[in-house]
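A.B. asks: Below is the file final-v5.cif, with mmCIF, C-alpha atoms.
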```
data_target
loop_
_atom_site.label_atom_id
_atom_site.label_comp_id
_atom_site.auth_asym_id
_atom_site.auth_seq_id
_atom_site.Cartn_x
_atom_site.Cartn_y
_atom_site.Cartn_z
CA MET P 1 -64.30 -27.07 -70.08
CA ALA P 2 -63.93 -29.31 -67.10
CA ASN P 3 -66.97 -29.91 -64.94
CA ASN P 4 -67.42 -28.19 -61.58
CA GLU P 5 -65.88 -31.09 -59.71
CA HIS P 6 -62.59 -30.29 -61.44
CA THR P 7 -61.78 -27.15 -59.54
CA ILE P 8 -59.13 -26.11 -57.08
CA THR P 9 -58.56 -22.81 -55.33
CA ILE P 10 -55.23 -20.96 -55.42
CA ASP P 11 -54.96 -17.90 -53.19
CA GLY P 12 -58.73 -17.55 -53.21
CA THR P 13 -59.13 -17.90 -56.97
CA GLU P 14 -61.06 -20.93 -58.13
CA ILE P 15 -59.64 -22.51 -61.28
CA HIS P 16 -60.49 -25.55 -63.36
CA PHE P 17 -58.16 -28.46 -64.02
CA LYS P 18 -58.21 -31.38 -66.40
CA ALA P 19 -58.06 -34.91 -65.05
CA GLY P 20 -54.45 -35.94 -64.55
CA GLN P 21 -53.10 -32.40 -64.32
CA THR P 22 -50.78 -31.39 -61.52
CA ILE P 23 -51.34 -28.24 -59.49
CA MET P 24 -48.56 -26.62 -61.55
CA ASP P 25 -50.18 -27.61 -64.87
CA ALA P 26 -53.53 -26.30 -63.74
CA ALA P 27 -52.02 -23.05 -62.43
CA LEU P 28 -50.08 -22.40 -65.64
CA SER P 29 -53.19 -23.10 -67.73
CA ALA P 30 -55.09 -20.57 -65.62
CA LYS P 31 -52.23 -18.02 -65.94
CA ILE P 32 -51.39 -18.26 -62.28
CA TYR P 33 -47.64 -18.23 -61.70
CA ILE P 34 -46.11 -20.59 -59.18
CA PRO P 35 -42.33 -19.96 -59.09
CA HIS P 36 -40.27 -22.83 -60.49
CA LEU P 37 -36.86 -23.56 -62.00
CA CYS P 38 -36.77 -27.33 -62.57
CA HIS P 39 -40.20 -27.63 -64.18
CA TYR P 40 -40.82 -27.36 -67.92
CA PRO P 41 -44.18 -28.18 -69.51
CA GLY P 42 -43.86 -31.28 -71.65
CA LEU P 43 -41.24 -32.96 -69.47
CA THR P 44 -41.87 -35.29 -66.56
CA PRO P 45 -41.81 -33.22 -63.36
CA SER P 46 -39.05 -33.99 -60.89
CA GLY P 47 -39.79 -31.73 -57.92
CA ASN P 48 -36.19 -31.08 -57.02
CA CYS P 49 -35.74 -27.29 -56.99
CA ARG P 50 -38.49 -26.87 -54.33
CA LEU P 51 -39.32 -23.35 -55.43
CA CYS P 52 -42.85 -24.43 -56.36
CA VAL P 53 -43.67 -25.61 -52.85
CA VAL P 54 -47.16 -24.38 -51.97
CA GLU P 55 -49.35 -24.76 -48.92
CA LEU P 56 -52.06 -27.38 -49.53
CA ASN P 57 -54.62 -27.79 -46.78
CA GLY P 58 -51.98 -26.67 -44.30
CA LYS P 59 -49.20 -28.95 -45.60
CA HIS P 60 -46.30 -28.08 -47.86
CA VAL P 61 -46.18 -29.88 -51.25
CA THR P 62 -44.43 -29.32 -54.56
CA ALA P 63 -46.96 -28.00 -57.06
CA CYS P 64 -45.20 -29.67 -59.99
CA THR P 65 -45.53 -33.22 -58.66
CA THR P 66 -48.84 -33.05 -56.79
CA GLN P 67 -51.97 -34.03 -58.65
CA ALA P 68 -54.77 -31.49 -58.69
CA GLN P 69 -57.80 -32.84 -56.85
CA PHE P 70 -61.23 -31.39 -56.35
CA GLY P 71 -61.57 -28.91 -53.56
CA GLN P 72 -57.89 -28.36 -52.81
CA GLN P 73 -57.29 -25.09 -51.01
CA ILE P 74 -53.83 -23.88 -52.07
CA ARG P 75 -51.84 -20.92 -50.84
CA ASN P 76 -49.10 -19.78 -53.21
CA GLN P 77 -48.27 -16.14 -52.61
CA THR P 78 -47.68 -15.90 -48.86
CA PRO P 79 -44.94 -14.08 -46.95
CA GLU P 80 -43.72 -17.41 -45.54
CA LEU P 81 -43.44 -19.08 -48.96
CA HIS P 82 -41.82 -15.96 -50.39
CA ALA P 83 -39.19 -16.08 -47.64
CA ALA P 84 -38.55 -19.78 -48.28
CA ARG P 85 -38.26 -19.20 -52.04
CA MET P 86 -35.89 -16.32 -51.42
CA ALA P 87 -33.69 -18.50 -49.19
CA ILE P 88 -33.64 -21.30 -51.79
CA THR P 89 -32.72 -18.87 -54.57
CA GLN P 90 -30.00 -17.26 -52.47
CA MET P 91 -28.57 -20.68 -51.66
CA LEU P 92 -28.58 -21.64 -55.34
CA PHE P 93 -26.64 -18.46 -56.09
CA VAL P 94 -23.93 -19.04 -53.48
CA GLU P 95 -23.58 -22.77 -54.16
CA GLY P 96 -22.53 -22.11 -57.76
CA ASN P 97 -20.48 -19.53 -59.55
CA HIS P 98 -23.22 -17.20 -60.69
CA ILE P 99 -21.42 -14.01 -61.57
CA CYS P 100 -24.00 -12.24 -63.69
CA PRO P 101 -21.76 -9.45 -65.08
CA SER P 102 -19.43 -12.01 -66.65
CA CYS P 103 -21.98 -14.64 -67.68
CA GLU P 104 -23.12 -14.72 -71.30
CA LYS P 105 -26.43 -16.23 -70.18
CA SER P 106 -27.23 -13.01 -68.33
CA GLY P 107 -30.69 -11.76 -69.32
CA ASN P 108 -31.72 -15.23 -70.48
CA CYS P 109 -31.02 -16.89 -67.13
CA LYS P 110 -33.95 -18.16 -65.10
CA LEU P 111 -32.04 -18.13 -61.82
CA GLN P 112 -31.22 -14.48 -62.35
CA ALA P 113 -34.82 -13.79 -63.38
CA MET P 114 -36.04 -15.54 -60.24
CA GLY P 115 -33.83 -13.20 -58.21
CA TYR P 116 -35.49 -10.25 -59.93
CA TYR P 117 -38.96 -11.71 -59.40
CA LEU P 118 -38.37 -12.28 -55.69
CA GLY P 119 -36.70 -8.89 -55.21
CA MET P 120 -33.39 -10.43 -54.15
CA ARG P 121 -30.89 -7.69 -53.23
CA ASP P 122 -28.04 -9.87 -52.00
CA GLU P 123 -27.06 -13.50 -51.60
CA HIS P 124 -27.20 -13.43 -47.80
CA TYR P 125 -25.16 -16.62 -47.33
CA PRO P 126 -21.34 -16.86 -47.55
CA GLN P 127 -20.03 -17.66 -51.00
CA PHE P 128 -19.23 -21.31 -51.58
CA ASN P 129 -16.91 -20.64 -54.53
CA PRO P 130 -17.00 -24.21 -55.87
CA ARG P 131 -14.40 -25.53 -58.26
CA ARG P 132 -16.15 -27.91 -60.60
CA GLU P 133 -14.98 -29.42 -63.85
CA MET P 134 -15.64 -27.54 -67.08
CA ASP P 135 -16.09 -29.55 -70.26
CA ALA P 136 -15.23 -27.69 -73.47
CA SER P 137 -14.55 -30.86 -75.47
CA HIS P 138 -17.57 -30.53 -77.76
CA PRO P 139 -17.16 -28.23 -80.78
CA ALA P 140 -20.56 -26.58 -80.31
CA VAL P 141 -21.74 -27.19 -76.74
CA LEU P 142 -20.02 -26.07 -73.52
CA LEU P 143 -20.65 -27.57 -70.09
CA ASP P 144 -19.68 -25.49 -67.04
CA ARG P 145 -20.57 -27.52 -63.97
CA SER P 146 -19.82 -24.62 -61.63
CA ARG P 147 -23.08 -23.02 -62.75
CA CYS P 148 -25.21 -26.17 -62.74
CA ILE P 149 -28.14 -25.99 -60.29
CA LEU P 150 -28.92 -29.73 -60.70
CA CYS P 151 -32.42 -29.02 -61.98
CA ASP P 152 -32.28 -32.20 -64.03
CA LEU P 153 -33.93 -30.56 -67.06
CA CYS P 154 -31.14 -31.58 -69.47
CA VAL P 155 -31.29 -35.13 -68.11
CA ARG P 156 -35.04 -35.38 -68.73
CA ALA P 157 -34.94 -33.55 -72.08
CA SER P 158 -32.23 -35.85 -73.41
CA ARG P 159 -34.06 -38.96 -72.28
CA GLU P 160 -37.65 -37.99 -73.01
CA VAL P 161 -37.39 -35.74 -76.08
CA ASP P 162 -34.04 -36.36 -77.74
CA GLY P 163 -34.05 -40.09 -76.95
CA LYS P 164 -30.33 -40.04 -76.18
CA ASN P 165 -29.63 -40.25 -72.44
CA VAL P 166 -26.64 -37.92 -72.68
CA PHE P 167 -26.82 -36.61 -69.11
CA ALA P 168 -27.33 -37.94 -65.59
CA ILE P 169 -26.87 -36.70 -62.03
CA ALA P 170 -24.28 -38.65 -60.06
CA GLY P 171 -23.36 -38.43 -56.39
CA ARG P 172 -25.45 -37.25 -53.48
CA GLY P 173 -25.82 -34.09 -51.44
CA ILE P 174 -22.92 -31.71 -51.81
CA HIS P 175 -21.20 -34.21 -54.13
CA ALA P 176 -24.06 -34.35 -56.64
CA HIS P 177 -22.88 -33.39 -60.12
CA LEU P 178 -23.84 -33.65 -63.75
CA ILE P 179 -22.17 -36.49 -65.67
CA VAL P 180 -22.04 -37.20 -69.38
CA ASN P 181 -22.82 -40.58 -70.89
CA SER P 182 -19.77 -41.30 -73.04
CA ALA P 183 -16.77 -43.59 -72.69
CA SER P 184 -14.52 -40.69 -71.69
CA GLY P 185 -17.19 -38.85 -69.74
CA LYS P 186 -16.63 -35.91 -72.08
CA LEU P 187 -19.35 -34.08 -73.97
CA GLY P 188 -17.27 -34.21 -77.15
CA ASP P 189 -17.47 -38.00 -77.16
CA SER P 190 -21.22 -38.09 -76.49
CA ASP P 191 -23.89 -38.04 -79.17
CA ILE P 192 -25.34 -34.66 -78.11
CA ALA P 193 -26.13 -32.35 -81.02
CA VAL P 194 -26.37 -28.59 -80.97
CA ASP P 195 -30.09 -28.74 -81.86
CA ASP P 196 -30.98 -31.19 -79.10
CA VAL P 197 -33.48 -29.94 -76.55
CA ALA P 198 -31.03 -31.01 -73.85
CA ALA P 199 -28.42 -28.63 -75.23
CA ASN P 200 -30.81 -25.71 -75.14
CA ILE P 201 -33.02 -26.14 -72.10
CA CYS P 202 -30.53 -25.25 -69.34
CA PRO P 203 -32.15 -22.50 -67.23
CA VAL P 204 -28.76 -21.11 -66.18
CA GLY P 205 -25.38 -20.86 -67.89
CA ALA P 206 -24.25 -24.44 -67.25
CA ILE P 207 -24.89 -25.68 -70.81
CA LEU P 208 -24.14 -23.06 -73.43
CA ILE P 209 -24.07 -23.09 -77.21
CA LYS P 210 -20.67 -21.87 -78.32
CA GLU P 211 -20.19 -18.78 -80.49
CA LYS P 212 -23.75 -17.52 -79.92
CA GLY P 213 -23.35 -15.78 -76.59
CA TYR P 214 -24.01 -12.25 -77.77
CA VAL P 215 -26.30 -12.81 -80.75
CA THR P 216 -28.97 -10.99 -78.78
CA PRO P 217 -27.44 -7.94 -77.09
CA ILE P 218 -27.68 -7.50 -73.34
CA GLY P 219 -30.73 -5.35 -72.63
CA ARG P 220 -32.82 -7.06 -75.32
CA ARG P 221 -32.79 -10.54 -73.84
CA ILE P 222 -35.74 -12.50 -72.50
CA TYR P 223 -35.77 -11.34 -68.89
CA ASP P 224 -34.57 -7.85 -69.78
CA GLN P 225 -37.99 -7.48 -71.41
CA ARG P 226 -40.39 -9.55 -69.32
CA MET P 227 -40.65 -10.98 -65.84
CA ILE P 228 -40.18 -14.71 -65.40
CA SER P 229 -43.75 -14.81 -64.09
CA GLU P 230 -45.01 -13.77 -67.56
CA VAL P 231 -42.59 -15.79 -69.70
CA ALA P 232 -43.51 -19.00 -67.87
CA PHE P 233 -46.96 -19.14 -69.47
CA ASP P 234 -45.51 -19.37 -72.99
CA GLU P 235 -43.07 -22.20 -72.32
CA HIS P 236 -43.29 -25.66 -73.78
CA VAL P 237 -40.78 -28.26 -74.92
CA PRO P 238 -39.47 -26.66 -78.10
CA GLU P 239 -39.58 -28.29 -81.51
CA HIS P 240 -36.18 -28.89 -83.06
CA GLU P 241 -36.38 -26.08 -85.58
CA GLU P 242 -37.15 -23.34 -83.08
CA HIS P 243 -34.18 -23.74 -80.75
CA GLY P 244 -31.92 -20.89 -80.01
CA ASN P 245 -29.65 -20.41 -77.03
CA ASP P 246 -28.46 -16.87 -76.99
CA MET A 1 -34.72 16.65 -45.36
CA THR A 2 -32.56 17.52 -42.38
CA ASP A 3 -31.34 21.09 -41.89
CA HIS A 4 -27.69 20.01 -41.83
CA LYS A 5 -25.81 18.32 -44.65
CA ILE A 6 -25.63 14.55 -44.67
CA LYS A 7 -22.05 13.31 -44.69
CA ILE A 8 -21.31 10.59 -47.25
CA ALA A 9 -18.10 8.60 -47.54
CA THR A 10 -17.34 6.34 -50.50
CA THR A 11 -14.55 3.99 -51.45
CA SER A 12 -13.65 1.46 -54.11
CA LEU A 13 -12.07 -1.76 -52.85
CA ALA A 14 -11.61 -4.50 -55.48
CA GLY A 15 -13.74 -2.67 -58.00
CA CYS A 16 -13.33 -0.84 -61.29
CA PHE A 17 -14.76 2.53 -60.17
CA GLY A 18 -17.68 1.89 -62.51
CA CYS A 19 -20.10 2.33 -59.60
CA HIS A 20 -18.55 5.72 -58.83
CA MET A 21 -18.90 6.64 -62.50
CA SER A 22 -22.54 5.62 -62.33
CA PHE A 23 -22.96 7.86 -59.27
CA LEU A 24 -21.61 10.74 -61.36
CA ASP A 25 -24.10 9.79 -64.08
CA MET A 26 -26.73 11.55 -61.95
CA ASP A 27 -25.48 14.61 -63.83
CA GLU A 28 -27.51 17.73 -63.00
CA LYS A 29 -29.28 15.91 -60.18
CA LEU A 30 -25.92 15.94 -58.39
CA ALA A 31 -26.21 19.70 -58.14
CA ILE A 32 -29.54 19.30 -56.36
CA LEU A 33 -28.15 16.52 -54.20
CA SER A 34 -25.13 18.62 -53.24
CA GLU A 35 -27.44 20.95 -51.32
CA TYR A 36 -28.14 18.11 -48.94
CA ILE A 37 -24.90 16.11 -48.86
CA GLU A 38 -21.19 16.61 -48.42
CA PHE A 39 -18.45 14.09 -49.06
CA ASN A 40 -16.03 12.78 -46.50
CA ARG A 41 -13.44 10.22 -47.63
CA SER A 42 -14.10 9.52 -51.30
CA PRO A 43 -12.33 9.48 -54.68
CA PHE A 44 -14.10 12.85 -55.11
CA THR A 45 -12.10 14.32 -52.21
CA ASP A 46 -8.54 13.95 -50.94
CA ILE A 47 -9.46 12.89 -47.43
CA LYS A 48 -7.33 9.89 -46.44
CA HIS A 49 -9.42 8.33 -43.70
CA CYS A 50 -13.08 7.82 -43.16
CA GLU A 51 -14.30 10.13 -40.42
CA PRO A 52 -17.71 9.84 -38.73
CA SER A 53 -20.24 9.84 -41.57
CA ASP A 54 -23.93 9.25 -42.02
CA ILE A 55 -23.72 6.99 -45.07
CA GLY A 56 -20.86 4.90 -46.42
CA LEU A 57 -20.98 3.59 -49.97
CA ILE A 58 -18.67 0.62 -50.62
CA GLU A 59 -17.81 -0.37 -54.16
CA GLY A 60 -15.81 -3.52 -54.90
CA GLY A 61 -15.10 -6.75 -53.08
CA VAL A 62 -12.40 -7.49 -50.53
CA CYS A 63 -9.20 -8.87 -52.04
CA THR A 64 -6.35 -7.46 -49.91
CA ALA A 65 -5.54 -6.89 -46.24
CA GLU A 66 -5.81 -3.16 -46.91
CA ASN A 67 -9.35 -3.64 -48.26
CA VAL A 68 -10.25 -5.31 -44.94
CA HIS A 69 -8.74 -2.38 -43.03
CA VAL A 70 -10.59 0.25 -45.09
CA LEU A 71 -13.85 -1.66 -44.89
CA ARG A 72 -13.65 -1.99 -41.12
CA GLU A 73 -12.82 1.70 -40.83
CA PHE A 74 -15.94 2.49 -42.84
CA ARG A 75 -18.04 0.19 -40.66
CA THR A 76 -16.73 1.86 -37.53
CA HIS A 77 -17.42 5.39 -38.75
CA CYS A 78 -20.50 5.07 -40.97
CA ARG A 79 -23.91 4.93 -39.39
CA ILE A 80 -25.36 3.30 -42.50
CA LEU A 81 -23.16 1.14 -44.72
CA VAL A 82 -24.26 0.29 -48.27
CA ALA A 83 -22.74 -2.40 -50.51
CA VAL A 84 -22.85 -0.90 -53.99
CA GLY A 85 -22.64 -3.06 -57.09
CA ALA A 86 -21.99 -6.68 -57.98
CA CYS A 87 -18.39 -6.81 -56.71
CA ALA A 88 -19.28 -5.54 -53.24
CA ILE A 89 -22.32 -7.81 -53.01
CA THR A 90 -20.95 -11.07 -54.49
CA GLY A 91 -17.25 -10.48 -55.19
CA GLY A 92 -18.15 -9.91 -58.83
CA VAL A 93 -15.68 -10.25 -61.67
CA PRO A 94 -12.59 -10.07 -59.38
CA ALA A 95 -13.97 -13.13 -57.58
CA MET A 96 -13.43 -15.17 -60.73
CA ARG A 97 -9.94 -15.75 -59.39
CA ASN A 98 -11.49 -17.72 -56.53
CA TYR A 99 -11.69 -20.75 -58.79
CA PHE A 100 -7.92 -20.93 -59.02
CA ASP A 101 -5.10 -21.08 -56.49
CA LEU A 102 -3.72 -17.64 -55.67
CA ARG A 103 -0.20 -18.78 -56.57
CA ASP A 104 -1.39 -19.98 -59.99
CA CYS A 105 -2.98 -16.56 -60.58
CA LEU A 106 0.21 -14.72 -59.62
CA GLU A 107 2.40 -17.00 -61.73
CA GLU A 108 0.12 -16.63 -64.74
CA ALA A 109 0.09 -12.84 -64.38
CA TYR A 110 3.74 -12.20 -63.57
CA LEU A 111 5.76 -15.23 -64.74
CA HIS A 112 4.06 -17.08 -67.58
CA GLY A 113 1.78 -14.46 -69.13
CA ALA A 114 2.24 -13.26 -72.71
CA GLY A 115 4.71 -10.41 -73.28
CA ILE A 116 6.45 -10.56 -69.89
CA THR A 117 10.09 -9.44 -70.18
CA ASN A 118 11.29 -9.49 -66.58
CA PRO A 119 9.30 -12.23 -64.88
CA GLN A 120 9.00 -11.80 -61.12
CA ILE A 121 6.18 -11.90 -58.64
CA PRO A 122 5.96 -8.49 -56.88
CA ASN A 123 7.17 -8.73 -53.32
CA ASP A 124 7.37 -5.44 -51.50
CA THR A 125 6.28 -4.53 -48.00
CA GLU A 126 4.50 -1.49 -49.45
CA LEU A 127 2.16 -3.77 -51.37
CA PRO A 128 -0.96 -4.87 -49.51
CA LEU A 129 -1.14 -8.57 -48.80
CA LEU A 130 -3.42 -10.44 -51.19
CA LEU A 131 -6.12 -12.56 -49.57
CA ASP A 132 -6.64 -16.18 -50.62
CA LYS A 133 -9.97 -15.23 -52.19
CA VAL A 134 -12.03 -12.19 -53.11
CA TYR A 135 -14.82 -11.84 -50.56
CA PRO A 136 -18.12 -9.98 -50.69
CA VAL A 137 -18.09 -7.10 -48.22
CA GLY A 138 -20.96 -8.72 -46.32
CA ASP A 139 -18.66 -11.62 -45.45
CA VAL A 140 -16.40 -9.19 -43.55
CA VAL A 141 -18.65 -6.58 -41.90
CA LYS A 142 -22.35 -6.05 -41.37
CA ILE A 143 -23.99 -4.29 -44.31
CA ASP A 144 -27.22 -2.32 -43.94
CA TYR A 145 -28.35 -2.02 -47.57
CA PHE A 146 -27.45 -3.59 -50.89
CA LEU A 147 -27.60 -1.79 -54.22
CA PRO A 148 -27.18 -4.43 -56.93
CA GLY A 149 -26.06 -3.90 -60.51
CA CYS A 150 -22.91 -3.76 -62.57
CA PRO A 151 -23.06 -0.88 -62.07
CA PRO A 152 -26.31 0.19 -60.41
CA PRO A 153 -27.92 2.86 -62.62
CA ALA A 154 -27.65 6.47 -61.50
CA ASP A 155 -31.36 6.54 -60.66
CA ALA A 156 -30.86 3.61 -58.30
CA PHE A 157 -28.44 5.73 -56.26
CA LEU A 158 -31.10 8.42 -56.03
CA GLN A 159 -33.75 5.90 -55.09
CA LEU A 160 -31.47 4.72 -52.29
CA LEU A 161 -30.20 8.09 -51.09
CA LEU A 162 -33.29 10.28 -51.14
CA PRO A 163 -35.22 8.27 -48.51
CA LEU A 164 -32.04 7.91 -46.42
CA LEU A 165 -31.65 11.69 -46.42
CA ASP A 166 -35.16 11.83 -45.00
CA GLY A 167 -34.30 9.25 -42.38
CA LYS A 168 -36.46 6.60 -44.04
CA ALA A 169 -35.65 3.10 -45.22
CA PRO A 170 -35.16 2.99 -49.02
CA GLN A 171 -37.53 0.89 -51.14
CA MET A 172 -36.04 -0.09 -54.49
CA THR A 173 -38.50 -0.64 -57.29
CA GLY A 174 -38.21 -3.77 -59.42
CA GLU A 175 -37.05 -2.15 -62.64
CA LYS A 176 -33.94 -0.82 -60.87
CA LEU A 177 -33.02 -4.34 -59.78
CA HIS A 178 -30.34 -5.75 -62.05
CA TYR A 179 -27.37 -7.96 -61.39
CA ASP A 180 -25.53 -7.32 -64.67
#
```
Will you turn the file into structure tokens for me?
C.D. replies:
Amino acid sequence: MANNEHTITIDGTEIHFKAGQTIMDAALSAKIYIPHLCHYPGLTPSGNCRLCVVELNGKHVTACTTQAQFGQQIRNQTPELHAARMAITQMLFVEGNHICPSCEKSGNCKLQAMGYYLGMRDEHYPQFNPRREMDASHPAVLLDRSRCILCDLCVRASREVDGKNVFAIAGRGIHAHLIVNSASGKLGDSDIAVDDVAANICPVGAILIKEKGYVTPIGRRIYDQRMISEVAFDEHVPEHEEHGND
Amino acid sequence: MTDHKIKIATTSLAGCFGCHMSFLDMDEKLAILSEYIEFNRSPFTDIKHCEPSDIGLIEGGVCTAENVHVLREFRTHCRILVAVGACAITGGVPAMRNYFDLRDCLEEAYLHGAGITNPQIPNDTELPLLLDKVYPVGDVVKIDYFLPGCPPPADAFLQLLLPLLDGKAPQMTGEKLHYD
């Protein structure tokens, strides 16, 4: 147990943190959910989805990249932050091709689950309908860039866990896109393997394992059973033998 | 509930009628509901145009000029307009054609597709003009409420309609919220 100087307050609840923990780490340890898409315990935080922005002493900071420090007064569940998170989620939906009824990731998709969590009824913004390159060159792994939300999880997982550097984000702003580290730029020519964490960590349907789409029937999938705010507490970088993208 | 029947109009634009089927899935509750509602233009009636109605339920996205016409007619005549289902709200499965050129879609369907014996792209003035893309209904007219799902479950229709019949704003509970 940390000493009393290692405490922060989130929405009026005082919680302990360990030295070096971020606000997100401390919150997850205390079973307090701060919405997030690009964070995954065990990987270096990148702070790019902005869903975990909280109010810290009157300023807005990303919970996943901000170190917990004694006495921080944090507001997480406020109408203003909820509205901002809703807007971000709606923008993520319209900027990609997220057609849930035709997506095999449906039910296992964190973006979809975030929509449920926030009570999203519609996408509010006009559809962007992007046309982005699909890469089906690998025998076991499919890359559909039109669904990529640029969370960077596959990039970090490949570098930090798999030790391969298969993915990177290239371009800026509206031109940002996921690239593959191989001579041809194709996934089939990269050294990604079906059991790699990078191949299985995608929160949406951008990286899919082929021929496993309906192993778990719709209705019995992760977020058909539990809210994202509950599932988040059990997540960690998976060991190789326990992967499964269905 | 009001002492007069609430008039409801429904239509399917670029949809599969699955949302209408889900509406019918209310089964015996429809009998109760029928004491409070009557249908105007709808696949359940043979009324050709939407007349002044209290609630309009729109299924499907907007993919033809006729869809635009029907949708605007509904907006003009319906006090409350509801986008029902994934296609109406996002464009849904029909919007998958948005990632291709319209001409490529037509050629694949009518010229190069498997089993085609008399290849020709339909071209008749009776056919409604196809739009370049499939649009969510909210991109064309103002929508008052959204009922997500593919299709929304029958109970979700009830959860939407019952408060509206009472003149209240509907509050959908979380478990009814599904996009697939």
A.B. asks: Residues of chain P near chain A: apply a cut-off of 7 Å, count all atoms listed in the file, and supply the list as a ChimeraX atom specification.
C.D. replies: /P:99-102,106,116,119,121-122,126,129-131
A.B. asks: Skip segment 140-154 of chain P itself and residues of its chain fewer than 3 positions away, then list as a list in words all residues within 6 Å of it, counting only C-alpha atoms.
C.D. replies: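 Once the nearby chain positions are removed, what remains is Cys38, Gly96, Asn97, Arg132, Glu133, Met134, Asp135, Ala136, Ala157, Ser158, Ala198, Ala206, Ile207, Leu208, Ile209 and Lys210 of chain P.
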A.B. asks: Would you pick out the contacts of segment 164-169 of chain A at 10 Å or less, using all atoms listed in the file, so that residues sharing its chain but fewer than 5 positions from it are not included, and give the list as a JSON list (two decimals) with C-alpha atoms, keeping the file's coordinate frame?
C.D. replies:
```
[["chain", "number", "residue", "atom", "x", "y", "z"],
["A", 1, "MET", "CA", -34.72, 16.65, -45.36],
["A", 2, "THR", "CA", -32.56, 17.52, -42.38],
["A", 5, "LYS", "CA", -25.81, 18.32, -44.65],
["A", 6, "ILE", "CA", -25.63, 14.55, -44.67],
["A", 7, "LYS", "CA", -22.05, 13.31, -44.69],
["A", 33, "LEU", "CA", -28.15, 16.52, -54.20],
["A", 36, "TYR", "CA", -28.14, 18.11, -48.94],
["A", 37, "ILE", "CA", -24.90, 16.11, -48.86],
["A", 54, "ASP", "CA", -23.93, 9.25, -42.02],
["A", 55, "ILE", "CA", -23.72, 6.99, -45.07],
["A", 80, "ILE", "CA", -25.36, 3.30, -42.50],
["A", 145, "TYR", "CA", -28.35, -2.02, -47.57],
["A", 158, "LEU", "CA", -31.10, 8.42, -56.03],
["A", 159, "GLN", "CA", -33.75, 5.90, -55.09]]
```
A.B. asks: Could you tell me, as an mmCIF file with C-alpha atoms, keeping the file's coordinate frame, which residues have any atom at most 8 Å from (-18.0, 0.6, -48.6), counting all atoms listed in the file?
C.D. replies:
```cif
data_model
loop_
_atom_site.group_PDB
_atom_site.id
_atom_site.type_symbol
_atom_site.label_atom_id
_atom_site.label_comp_id
_atom_site.auth_asym_id
_atom_site.auth_seq_id
_atom_site.Cartn_x
_atom_site.Cartn_y
_atom_site.Cartn_z
ATOM 1 C CA THR A 10 -17.340 6.340 -50.500
ATOM 2 C CA THR A 11 -14.550 3.990 -51.450
ATOM 3 C CA SER A 12 -13.650 1.460 -54.110
ATOM 4 C CA LEU A 13 -12.070 -1.760 -52.850
ATOM 5 C CA GLY A 56 -20.860 4.900 -46.420
ATOM 6 C CA LEU A 57 -20.980 3.590 -49.970
ATOM 7 C CA ILE A 58 -18.670 0.620 -50.620
ATOM 8 C CA GLU A 59 -17.810 -0.370 -54.160
ATOM 9 C CA GLY A 60 -15.810 -3.520 -54.900
ATOM 10 C CA LEU A 71 -13.850 -1.660 -44.890
ATOM 11 C CA PHE A 74 -15.940 2.490 -42.840
ATOM 12 C CA ARG A 75 -18.040 0.190 -40.660
ATOM 13 C CA LEU A 81 -23.160 1.140 -44.720
ATOM 14 C CA VAL A 82 -24.260 0.290 -48.270
ATOM 15 C CA ALA A 83 -22.740 -2.400 -50.510
ATOM 16 C CA VAL A 84 -22.850 -0.900 -53.990
ATOM 17 C CA ALA A 88 -19.280 -5.540 -53.240
ATOM 18 C CA VAL A 137 -18.090 -7.100 -48.220
#
```
A.B. asks: Pick from P:Ala30, P:Cys109, P:Ile74, P:Ala193: nearest to Lys164 of chain P, with all atoms listed in the file counted?
C.D. replies: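 Distance minimum relative to Lys164 of chain P lands on P:Ala193.
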A.B. asks: Starting from the shown file, work through the PyMOL selection byres ((chain P and resi 91) around 10) and note down what comes out as a list of chain:residue names.
C.D. replies: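 The output of the PyMOL selection byres ((chain P and resi 91) around 10) on this file is P:Arg85, P:Met86, P:Ala87, P:Ile88, P:Thr89, P:Gln90, P:Leu92, P:Phe93, P:Val94, P:Glu95, P:Gly96, P:Glu123, P:His124, P:Tyr125, P:Pro126, P:Gln127, P:Phe128.
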A.B. asks: For segment 10-14 of chain P, work out the shell of residues within 12 Å, counting all atoms listed in the file and skipping chain neighbours fewer than 2 positions away, then give it as number ranges by chain.
C.D. replies: P: 4-8, 16-17, 23-24, 26-28, 30-34, 54-57, 63, 68, 70-78
A.B. asks: List as a list of chain:residue names the protein and nucleic acid residues near segment 174-187 of chain P, meaning an atom at most 6 Å away when only C-alpha atoms are counted, but skip any in the same chain fewer than 6 places from it.
C.D. replies: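 Contacts, with the query itself left out: P:Ser137, P:His138, P:Val166, P:Phe167, P:Ala168.
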A.B. asks: Now that the selection is made, can you save its residues with C-alpha atoms as a CSV table (one decimal), in the frame of the given file?
C.D. replies:
```csv
chain,number,residue,atom,x,y,z
P,137,SER,CA,-14.6,-30.9,-75.5
P,138,HIS,CA,-17.6,-30.5,-77.8
P,166,VAL,CA,-26.6,-37.9,-72.7
P,167,PHE,CA,-26.8,-36.6,-69.1
P,168,ALA,CA,-27.3,-37.9,-65.6
```
A.B. asks: To verify the selection step, state as a PDB file with C-alpha atoms, in the coordinates of the input which residues the PyMOL selection byres ((chain P and resi 67) around 7) yields on this input.
C.D. replies:
```pdb
ATOM      1  CA  GLY P  20     -54.450 -35.940 -64.550  1.00  0.00           C
ATOM      2  CA  GLN P  21     -53.100 -32.400 -64.320  1.00  0.00           C
ATOM      3  CA  THR P  22     -50.780 -31.390 -61.520  1.00  0.00           C
ATOM      4  CA  ILE P  23     -51.340 -28.240 -59.490  1.00  0.00           C
ATOM      5  CA  THR P  65     -45.530 -33.220 -58.660  1.00  0.00           C
ATOM      6  CA  THR P  66     -48.840 -33.050 -56.790  1.00  0.00           C
ATOM      7  CA  ALA P  68     -54.770 -31.490 -58.690  1.00  0.00           C
ATOM      8  CA  GLN P  69     -57.800 -32.840 -56.850  1.00  0.00           C
TER       9      GLN P  69
END
```
